[in-house]
$ cat target-v3.cif   # mmCIF, N, CA, C and O atoms
data_protein
loop_
_atom_site.group_PDB
_atom_site.id
_atom_site.type_symbol
_atom_site.label_atom_id
_atom_site.label_comp_id
_atom_site.auth_asym_id
_atom_site.auth_seq_id
_atom_site.Cartn_x
_atom_site.Cartn_y
_atom_site.Cartn_z
ATOM 1 N N LEU I 2 -10.808 134.590 -87.916
ATOM 2 C CA LEU I 2 -11.324 133.993 -89.129
ATOM 3 C C LEU I 2 -12.782 133.578 -88.941
ATOM 4 O O LEU I 2 -13.613 133.812 -89.812
ATOM 5 N N LEU I 3 -13.074 132.973 -87.788
ATOM 6 C CA LEU I 3 -14.453 132.552 -87.508
ATOM 7 C C LEU I 3 -15.397 133.740 -87.528
ATOM 8 O O LEU I 3 -16.442 133.715 -88.185
ATOM 9 N N ARG I 4 -15.030 134.790 -86.826
ATOM 10 C CA ARG I 4 -15.899 135.972 -86.773
ATOM 11 C C ARG I 4 -16.053 136.612 -88.145
ATOM 12 O O ARG I 4 -17.128 137.083 -88.506
ATOM 13 N N ARG I 5 -14.975 136.631 -88.921
ATOM 14 C CA ARG I 5 -15.034 137.214 -90.267
ATOM 15 C C ARG I 5 -15.971 136.403 -91.158
ATOM 16 O O ARG I 5 -16.775 136.961 -91.906
ATOM 17 N N CYS I 6 -15.875 135.088 -91.084
ATOM 18 C CA CYS I 6 -16.753 134.235 -91.890
ATOM 19 C C CYS I 6 -18.212 134.432 -91.507
ATOM 20 O O CYS I 6 -19.088 134.529 -92.376
ATOM 21 N N LEU I 7 -18.483 134.504 -90.218
ATOM 22 C CA LEU I 7 -19.862 134.714 -89.772
ATOM 23 C C LEU I 7 -20.362 136.097 -90.177
ATOM 24 O O LEU I 7 -21.530 136.251 -90.552
ATOM 25 N N ALA I 8 -19.491 137.105 -90.131
ATOM 26 C CA ALA I 8 -19.882 138.452 -90.563
ATOM 27 C C ALA I 8 -20.199 138.462 -92.055
ATOM 28 O O ALA I 8 -21.166 139.106 -92.483
ATOM 29 N N ASP I 9 -19.401 137.759 -92.847
ATOM 30 C CA ASP I 9 -19.670 137.671 -94.286
ATOM 31 C C ASP I 9 -20.999 136.976 -94.553
ATOM 32 O O ASP I 9 -21.750 137.378 -95.446
ATOM 33 N N GLN I 10 -21.293 135.929 -93.795
ATOM 34 C CA GLN I 10 -22.573 135.236 -93.967
ATOM 35 C C GLN I 10 -23.733 136.153 -93.597
ATOM 36 O O GLN I 10 -24.757 136.169 -94.273
ATOM 37 N N ARG I 11 -23.572 136.908 -92.525
ATOM 38 C CA ARG I 11 -24.628 137.850 -92.130
ATOM 39 C C ARG I 11 -24.835 138.905 -93.213
ATOM 40 O O ARG I 11 -25.966 139.252 -93.553
ATOM 41 N N ALA I 12 -23.735 139.416 -93.775
ATOM 42 C CA ALA I 12 -23.829 140.417 -94.841
ATOM 43 C C ALA I 12 -24.516 139.850 -96.079
ATOM 44 O O ALA I 12 -25.146 140.591 -96.841
ATOM 45 N N ALA I 13 -24.408 138.543 -96.266
ATOM 46 C CA ALA I 13 -25.055 137.886 -97.404
ATOM 47 C C ALA I 13 -26.509 137.546 -97.127
ATOM 48 O O ALA I 13 -27.178 136.954 -97.969
ATOM 49 N N GLY I 14 -27.001 137.880 -95.926
ATOM 50 C CA GLY I 14 -28.407 137.662 -95.619
ATOM 51 C C GLY I 14 -28.714 136.455 -94.761
ATOM 52 O O GLY I 14 -29.876 136.178 -94.487
ATOM 53 N N GLN I 15 -27.696 135.740 -94.328
ATOM 54 C CA GLN I 15 -27.924 134.579 -93.466
ATOM 55 C C GLN I 15 -28.217 135.058 -92.045
ATOM 56 O O GLN I 15 -27.556 135.960 -91.541
ATOM 57 N N SER I 16 -29.174 134.437 -91.394
ATOM 58 C CA SER I 16 -29.499 134.818 -90.019
ATOM 59 C C SER I 16 -28.979 133.810 -89.001
ATOM 60 O O SER I 16 -28.991 134.074 -87.805
ATOM 61 N N ALA I 17 -28.528 132.644 -89.493
ATOM 62 C CA ALA I 17 -28.007 131.612 -88.587
ATOM 63 C C ALA I 17 -26.969 130.788 -89.333
ATOM 64 O O ALA I 17 -26.960 130.735 -90.562
ATOM 65 N N ALA I 18 -26.093 130.156 -88.568
ATOM 66 C CA ALA I 18 -25.064 129.300 -89.158
ATOM 67 C C ALA I 18 -24.963 128.029 -88.331
ATOM 68 O O ALA I 18 -25.169 128.046 -87.125
ATOM 69 N N GLU I 19 -24.656 126.932 -89.006
ATOM 70 C CA GLU I 19 -24.482 125.654 -88.316
ATOM 71 C C GLU I 19 -23.062 125.166 -88.580
ATOM 72 O O GLU I 19 -22.622 125.110 -89.733
ATOM 73 N N ILE I 20 -22.369 124.840 -87.518
ATOM 74 C CA ILE I 20 -21.008 124.344 -87.631
ATOM 75 C C ILE I 20 -21.049 122.874 -87.252
ATOM 76 O O ILE I 20 -21.278 122.530 -86.096
ATOM 77 N N GLY I 21 -20.858 122.005 -88.223
ATOM 78 C CA GLY I 21 -20.974 120.575 -87.984
ATOM 79 C C GLY I 21 -19.722 119.962 -87.368
ATOM 80 O O GLY I 21 -18.608 120.378 -87.673
ATOM 81 N N TRP I 22 -19.916 118.973 -86.529
ATOM 82 C CA TRP I 22 -18.835 118.223 -85.872
ATOM 83 C C TRP I 22 -17.817 119.158 -85.241
ATOM 84 O O TRP I 22 -16.634 119.108 -85.541
ATOM 85 N N VAL I 23 -18.309 120.020 -84.398
ATOM 86 C CA VAL I 23 -17.475 121.055 -83.799
ATOM 87 C C VAL I 23 -16.716 120.543 -82.584
ATOM 88 O O VAL I 23 -17.185 119.682 -81.856
ATOM 89 N N GLY I 24 -15.564 121.046 -82.387
ATOM 90 C CA GLY I 24 -14.800 120.719 -81.199
ATOM 91 C C GLY I 24 -13.553 121.571 -81.166
ATOM 92 O O GLY I 24 -12.957 121.814 -82.199
ATOM 93 N N PRO I 25 -13.197 122.113 -80.074
ATOM 94 C CA PRO I 25 -13.892 122.026 -78.797
ATOM 95 C C PRO I 25 -15.063 123.016 -78.724
ATOM 96 O O PRO I 25 -14.954 124.158 -79.155
ATOM 97 N N LEU I 26 -16.146 122.561 -78.193
ATOM 98 C CA LEU I 26 -17.367 123.362 -78.114
ATOM 99 C C LEU I 26 -17.163 124.636 -77.303
ATOM 100 O O LEU I 26 -17.692 125.687 -77.653
ATOM 101 N N ARG I 27 -16.384 124.564 -76.249
ATOM 102 C CA ARG I 27 -16.172 125.731 -75.384
ATOM 103 C C ARG I 27 -15.591 126.909 -76.171
ATOM 104 O O ARG I 27 -15.960 128.056 -75.946
ATOM 105 N N PHE I 28 -14.693 126.640 -77.113
ATOM 106 C CA PHE I 28 -14.111 127.715 -77.919
ATOM 107 C C PHE I 28 -15.196 128.470 -78.678
ATOM 108 O O PHE I 28 -15.255 129.697 -78.657
ATOM 109 N N TYR I 29 -16.053 127.753 -79.365
ATOM 110 C CA TYR I 29 -17.104 128.385 -80.164
ATOM 111 C C TYR I 29 -18.121 129.097 -79.275
ATOM 112 O O TYR I 29 -18.638 130.149 -79.627
ATOM 113 N N SER I 30 -18.384 128.526 -78.125
ATOM 114 C CA SER I 30 -19.309 129.149 -77.189
ATOM 115 C C SER I 30 -18.775 130.490 -76.706
ATOM 116 O O SER I 30 -19.494 131.485 -76.680
ATOM 117 N N ARG I 31 -17.518 130.522 -76.349
ATOM 118 C CA ARG I 31 -16.910 131.769 -75.857
ATOM 119 C C ARG I 31 -16.670 132.770 -76.971
ATOM 120 O O ARG I 31 -16.847 133.974 -76.789
ATOM 121 N N ALA I 32 -16.251 132.293 -78.134
ATOM 122 C CA ALA I 32 -15.871 133.192 -79.224
ATOM 123 C C ALA I 32 -17.068 133.894 -79.853
ATOM 124 O O ALA I 32 -17.006 135.091 -80.147
ATOM 125 N N VAL I 33 -18.150 133.158 -80.083
ATOM 126 C CA VAL I 33 -19.286 133.742 -80.806
ATOM 127 C C VAL I 33 -20.640 133.431 -80.182
ATOM 128 O O VAL I 33 -21.675 133.668 -80.794
ATOM 129 N N GLY I 34 -20.641 132.875 -78.978
ATOM 130 C CA GLY I 34 -21.905 132.594 -78.311
ATOM 131 C C GLY I 34 -22.655 131.405 -78.886
ATOM 132 O O GLY I 34 -23.878 131.320 -78.766
ATOM 133 N N ALA I 35 -21.928 130.492 -79.513
ATOM 134 C CA ALA I 35 -22.571 129.312 -80.110
ATOM 135 C C ALA I 35 -23.125 128.395 -79.021
ATOM 136 O O ALA I 35 -22.679 128.430 -77.881
ATOM 137 N N ARG I 36 -24.103 127.589 -79.395
ATOM 138 C CA ARG I 36 -24.675 126.626 -78.460
ATOM 139 C C ARG I 36 -24.872 125.298 -79.183
ATOM 140 O O ARG I 36 -25.013 125.263 -80.405
ATOM 141 N N ALA I 37 -24.876 124.235 -78.427
ATOM 142 C CA ALA I 37 -25.058 122.900 -79.007
ATOM 143 C C ALA I 37 -26.531 122.701 -79.331
ATOM 144 O O ALA I 37 -27.394 122.882 -78.483
ATOM 145 N N GLU I 38 -26.799 122.328 -80.555
ATOM 146 C CA GLU I 38 -28.168 122.090 -80.986
ATOM 147 C C GLU I 38 -28.446 120.589 -81.053
ATOM 148 O O GLU I 38 -29.402 120.106 -80.503
ATOM 149 N N ARG I 39 -27.590 119.859 -81.756
ATOM 150 C CA ARG I 39 -27.721 118.412 -81.858
ATOM 151 C C ARG I 39 -26.396 117.784 -81.454
ATOM 152 O O ARG I 39 -25.344 118.317 -81.750
ATOM 153 N N VAL I 40 -26.470 116.656 -80.817
ATOM 154 C CA VAL I 40 -25.266 115.947 -80.389
ATOM 155 C C VAL I 40 -25.302 114.545 -80.983
ATOM 156 O O VAL I 40 -26.319 113.859 -80.905
ATOM 157 N N PHE I 41 -24.208 114.146 -81.576
ATOM 158 C CA PHE I 41 -24.086 112.817 -82.154
ATOM 159 C C PHE I 41 -23.019 112.054 -81.393
ATOM 160 O O PHE I 41 -21.957 112.590 -81.089
ATOM 161 N N TRP I 42 -23.290 110.806 -81.108
ATOM 162 C CA TRP I 42 -22.332 109.945 -80.419
ATOM 163 C C TRP I 42 -21.829 108.907 -81.404
ATOM 164 O O TRP I 42 -22.591 108.373 -82.192
ATOM 165 N N LEU I 43 -20.562 108.622 -81.337
ATOM 166 C CA LEU I 43 -19.968 107.628 -82.203
ATOM 167 C C LEU I 43 -19.650 106.414 -81.358
ATOM 168 O O LEU I 43 -18.878 106.476 -80.399
ATOM 169 N N TYR I 44 -20.282 105.304 -81.699
ATOM 170 C CA TYR I 44 -20.055 104.047 -80.994
ATOM 171 C C TYR I 44 -19.222 103.131 -81.882
ATOM 172 O O TYR I 44 -19.424 103.093 -83.092
ATOM 173 N N ARG I 45 -18.318 102.413 -81.282
ATOM 174 C CA ARG I 45 -17.462 101.521 -82.050
ATOM 175 C C ARG I 45 -17.311 100.217 -81.289
ATOM 176 O O ARG I 45 -17.179 100.189 -80.066
ATOM 177 N N ARG I 46 -17.338 99.129 -82.048
ATOM 178 C CA ARG I 46 -17.148 97.806 -81.451
ATOM 179 C C ARG I 46 -16.437 96.917 -82.460
ATOM 180 O O ARG I 46 -16.828 96.868 -83.639
ATOM 181 N N ASP I 47 -15.404 96.253 -82.013
ATOM 182 C CA ASP I 47 -14.703 95.300 -82.879
ATOM 183 C C ASP I 47 -15.532 94.043 -83.050
ATOM 184 O O ASP I 47 -16.068 93.511 -82.090
ATOM 185 N N LEU I 48 -15.661 93.607 -84.268
ATOM 186 C CA LEU I 48 -16.395 92.375 -84.563
ATOM 187 C C LEU I 48 -15.376 91.285 -84.879
ATOM 188 O O LEU I 48 -14.814 91.228 -85.961
ATOM 189 N N ALA I 49 -15.136 90.456 -83.892
ATOM 190 C CA ALA I 49 -14.145 89.397 -84.107
ATOM 191 C C ALA I 49 -14.626 88.098 -83.498
ATOM 192 O O ALA I 49 -15.446 87.984 -82.674
#

$ encode --input "target-v3.cif" --output "structure tokens"
Amino acid sequence: LLRRCLADQRAAGQSAAEIGWVGPLRFYSRAVGARAERVFWLYRRDLA
């Protein structure tokens, strides 16, 4: 499904795709050669 979606985007003229909040990263890296561009960290603290 991932490869088909990316192929459809390429056929529509897209040269790049961004997959937000991806996980696990290793799957996407192996499947389509994706790489991490931006990394976001989620911090949480109880306020009591």

$ select_by_dssp --input "target-v3.cif" --residues "chain I" --states "helix (DSSP H, G or I)" --output "ChimeraX atom specification"
/I:3-12,26-33

$ axis_aligned_box --input "target-v3.cif" --around "segment 7-23 of chain I" --padding-each-side "3 Å" --output "AutoDock Vina command-line options"
--center_x -23.3 --center_y 129.4 --center_z -89.9 --size_x 19.2 --size_y 28.4 --size_z 22.1

$ resolve_selection --input "target-v3.cif" --expression "the PyMOL selection byres (((chain I and resi 25-37 and name CA) around 12) and name CA)" --output "list in words"
Leu2, Leu3, Arg4, Arg5, Cys6, Leu7, Ala8, Ala17, Ala18, Glu19, Ile20, Gly21, Trp22, Val23, Gly24, Glu38, Arg39, Val40 and Phe41 of chain I

$ build_atoms --input "target-v3.cif" --residues "segment 26-37 of chain I" --atoms "all heavy atoms" --output "PDB file, keeping the file's coordinate frame"
ATOM      1  N   LEU I  26     -16.146 122.561 -78.193  1.00  0.00           N
ATOM      2  CA  LEU I  26     -17.367 123.362 -78.114  1.00  0.00           C
ATOM      3  C   LEU I  26     -17.163 124.636 -77.303  1.00  0.00           C
ATOM      4  O   LEU I  26     -17.692 125.687 -77.653  1.00  0.00           O
ATOM      5  CB  LEU I  26     -18.505 122.529 -77.513  1.00  0.00           C
ATOM      6  CG  LEU I  26     -19.854 123.213 -77.396  1.00  0.00           C
ATOM      7  CD1 LEU I  26     -20.346 123.649 -78.764  1.00  0.00           C
ATOM      8  CD2 LEU I  26     -20.858 122.306 -76.739  1.00  0.00           C
ATOM      9  N   ARG I  27     -16.384 124.564 -76.249  1.00  0.00           N
ATOM     10  CA  ARG I  27     -16.172 125.731 -75.384  1.00  0.00           C
ATOM     11  C   ARG I  27     -15.591 126.909 -76.171  1.00  0.00           C
ATOM     12  O   ARG I  27     -15.960 128.056 -75.946  1.00  0.00           O
ATOM     13  CB  ARG I  27     -15.256 125.365 -74.231  1.00  0.00           C
ATOM     14  CG  ARG I  27     -14.972 126.532 -73.312  1.00  0.00           C
ATOM     15  CD  ARG I  27     -14.127 126.110 -72.156  1.00  0.00           C
ATOM     16  NE  ARG I  27     -15.030 125.577 -71.143  1.00  0.00           N
ATOM     17  CZ  ARG I  27     -14.641 125.099 -69.986  1.00  0.00           C
ATOM     18  NH1 ARG I  27     -13.364 125.056 -69.695  1.00  0.00           N
ATOM     19  NH2 ARG I  27     -15.521 124.653 -69.127  1.00  0.00           N
ATOM     20  N   PHE I  28     -14.693 126.640 -77.113  1.00  0.00           N
ATOM     21  CA  PHE I  28     -14.111 127.715 -77.919  1.00  0.00           C
ATOM     22  C   PHE I  28     -15.196 128.470 -78.678  1.00  0.00           C
ATOM     23  O   PHE I  28     -15.255 129.697 -78.657  1.00  0.00           O
ATOM     24  CB  PHE I  28     -13.084 127.159 -78.914  1.00  0.00           C
ATOM     25  CG  PHE I  28     -12.721 128.142 -79.985  1.00  0.00           C
ATOM     26  CD1 PHE I  28     -11.853 129.183 -79.710  1.00  0.00           C
ATOM     27  CD2 PHE I  28     -13.269 128.051 -81.253  1.00  0.00           C
ATOM     28  CE1 PHE I  28     -11.536 130.116 -80.692  1.00  0.00           C
ATOM     29  CE2 PHE I  28     -12.954 128.965 -82.240  1.00  0.00           C
ATOM     30  CZ  PHE I  28     -12.081 129.999 -81.951  1.00  0.00           C
ATOM     31  N   TYR I  29     -16.053 127.753 -79.365  1.00  0.00           N
ATOM     32  CA  TYR I  29     -17.104 128.385 -80.164  1.00  0.00           C
ATOM     33  C   TYR I  29     -18.121 129.097 -79.275  1.00  0.00           C
ATOM     34  O   TYR I  29     -18.638 130.149 -79.627  1.00  0.00           O
ATOM     35  CB  TYR I  29     -17.791 127.358 -81.057  1.00  0.00           C
ATOM     36  CG  TYR I  29     -16.888 126.866 -82.153  1.00  0.00           C
ATOM     37  CD1 TYR I  29     -16.134 125.719 -81.990  1.00  0.00           C
ATOM     38  CD2 TYR I  29     -16.771 127.564 -83.344  1.00  0.00           C
ATOM     39  CE1 TYR I  29     -15.284 125.275 -82.998  1.00  0.00           C
ATOM     40  CE2 TYR I  29     -15.931 127.139 -84.352  1.00  0.00           C
ATOM     41  CZ  TYR I  29     -15.191 125.984 -84.174  1.00  0.00           C
ATOM     42  OH  TYR I  29     -14.357 125.551 -85.153  1.00  0.00           O
ATOM     43  N   SER I  30     -18.384 128.526 -78.125  1.00  0.00           N
ATOM     44  CA  SER I  30     -19.309 129.149 -77.189  1.00  0.00           C
ATOM     45  C   SER I  30     -18.775 130.490 -76.706  1.00  0.00           C
ATOM     46  O   SER I  30     -19.494 131.485 -76.680  1.00  0.00           O
ATOM     47  CB  SER I  30     -19.543 128.209 -76.004  1.00  0.00           C
ATOM     48  OG  SER I  30     -20.388 128.820 -75.065  1.00  0.00           O
ATOM     49  N   ARG I  31     -17.518 130.522 -76.349  1.00  0.00           N
ATOM     50  CA  ARG I  31     -16.910 131.769 -75.857  1.00  0.00           C
ATOM     51  C   ARG I  31     -16.670 132.770 -76.971  1.00  0.00           C
ATOM     52  O   ARG I  31     -16.847 133.974 -76.789  1.00  0.00           O
ATOM     53  CB  ARG I  31     -15.594 131.467 -75.159  1.00  0.00           C
ATOM     54  CG  ARG I  31     -15.774 130.789 -73.840  1.00  0.00           C
ATOM     55  CD  ARG I  31     -14.442 130.555 -73.185  1.00  0.00           C
ATOM     56  NE  ARG I  31     -14.613 129.927 -71.878  1.00  0.00           N
ATOM     57  CZ  ARG I  31     -13.625 129.497 -71.149  1.00  0.00           C
ATOM     58  NH1 ARG I  31     -12.379 129.604 -71.577  1.00  0.00           N
ATOM     59  NH2 ARG I  31     -13.856 128.945 -69.973  1.00  0.00           N
ATOM     60  N   ALA I  32     -16.251 132.293 -78.134  1.00  0.00           N
ATOM     61  CA  ALA I  32     -15.871 133.192 -79.224  1.00  0.00           C
ATOM     62  C   ALA I  32     -17.068 133.894 -79.853  1.00  0.00           C
ATOM     63  O   ALA I  32     -17.006 135.091 -80.147  1.00  0.00           O
ATOM     64  CB  ALA I  32     -15.092 132.430 -80.288  1.00  0.00           C
ATOM     65  N   VAL I  33     -18.150 133.158 -80.083  1.00  0.00           N
ATOM     66  CA  VAL I  33     -19.286 133.742 -80.806  1.00  0.00           C
ATOM     67  C   VAL I  33     -20.640 133.431 -80.182  1.00  0.00           C
ATOM     68  O   VAL I  33     -21.675 133.668 -80.794  1.00  0.00           O
ATOM     69  CB  VAL I  33     -19.280 133.300 -82.288  1.00  0.00           C
ATOM     70  CG1 VAL I  33     -18.068 133.862 -83.007  1.00  0.00           C
ATOM     71  CG2 VAL I  33     -19.334 131.796 -82.419  1.00  0.00           C
ATOM     72  N   GLY I  34     -20.641 132.875 -78.978  1.00  0.00           N
ATOM     73  CA  GLY I  34     -21.905 132.594 -78.311  1.00  0.00           C
ATOM     74  C   GLY I  34     -22.655 131.405 -78.886  1.00  0.00           C
ATOM     75  O   GLY I  34     -23.878 131.320 -78.766  1.00  0.00           O
ATOM     76  N   ALA I  35     -21.928 130.492 -79.513  1.00  0.00           N
ATOM     77  CA  ALA I  35     -22.571 129.312 -80.110  1.00  0.00           C
ATOM     78  C   ALA I  35     -23.125 128.395 -79.021  1.00  0.00           C
ATOM     79  O   ALA I  35     -22.679 128.430 -77.881  1.00  0.00           O
ATOM     80  CB  ALA I  35     -21.557 128.545 -80.960  1.00  0.00           C
ATOM     81  N   ARG I  36     -24.103 127.589 -79.395  1.00  0.00           N
ATOM     82  CA  ARG I  36     -24.675 126.626 -78.460  1.00  0.00           C
ATOM     83  C   ARG I  36     -24.872 125.298 -79.183  1.00  0.00           C
ATOM     84  O   ARG I  36     -25.013 125.263 -80.405  1.00  0.00           O
ATOM     85  CB  ARG I  36     -25.994 127.112 -77.897  1.00  0.00           C
ATOM     86  CG  ARG I  36     -27.050 127.387 -78.925  1.00  0.00           C
ATOM     87  CD  ARG I  36     -28.315 127.936 -78.263  1.00  0.00           C
ATOM     88  NE  ARG I  36     -29.219 128.514 -79.217  1.00  0.00           N
ATOM     89  CZ  ARG I  36     -30.032 127.836 -80.005  1.00  0.00           C
ATOM     90  NH1 ARG I  36     -30.059 126.541 -79.960  1.00  0.00           N
ATOM     91  NH2 ARG I  36     -30.839 128.445 -80.846  1.00  0.00           N
ATOM     92  N   ALA I  37     -24.876 124.235 -78.427  1.00  0.00           N
ATOM     93  CA  ALA I  37     -25.058 122.900 -79.007  1.00  0.00           C
ATOM     94  C   ALA I  37     -26.531 122.701 -79.331  1.00  0.00           C
ATOM     95  O   ALA I  37     -27.394 122.882 -78.483  1.00  0.00           O
ATOM     96  CB  ALA I  37     -24.577 121.833 -78.045  1.00  0.00           C
TER      97      ALA I  37
END
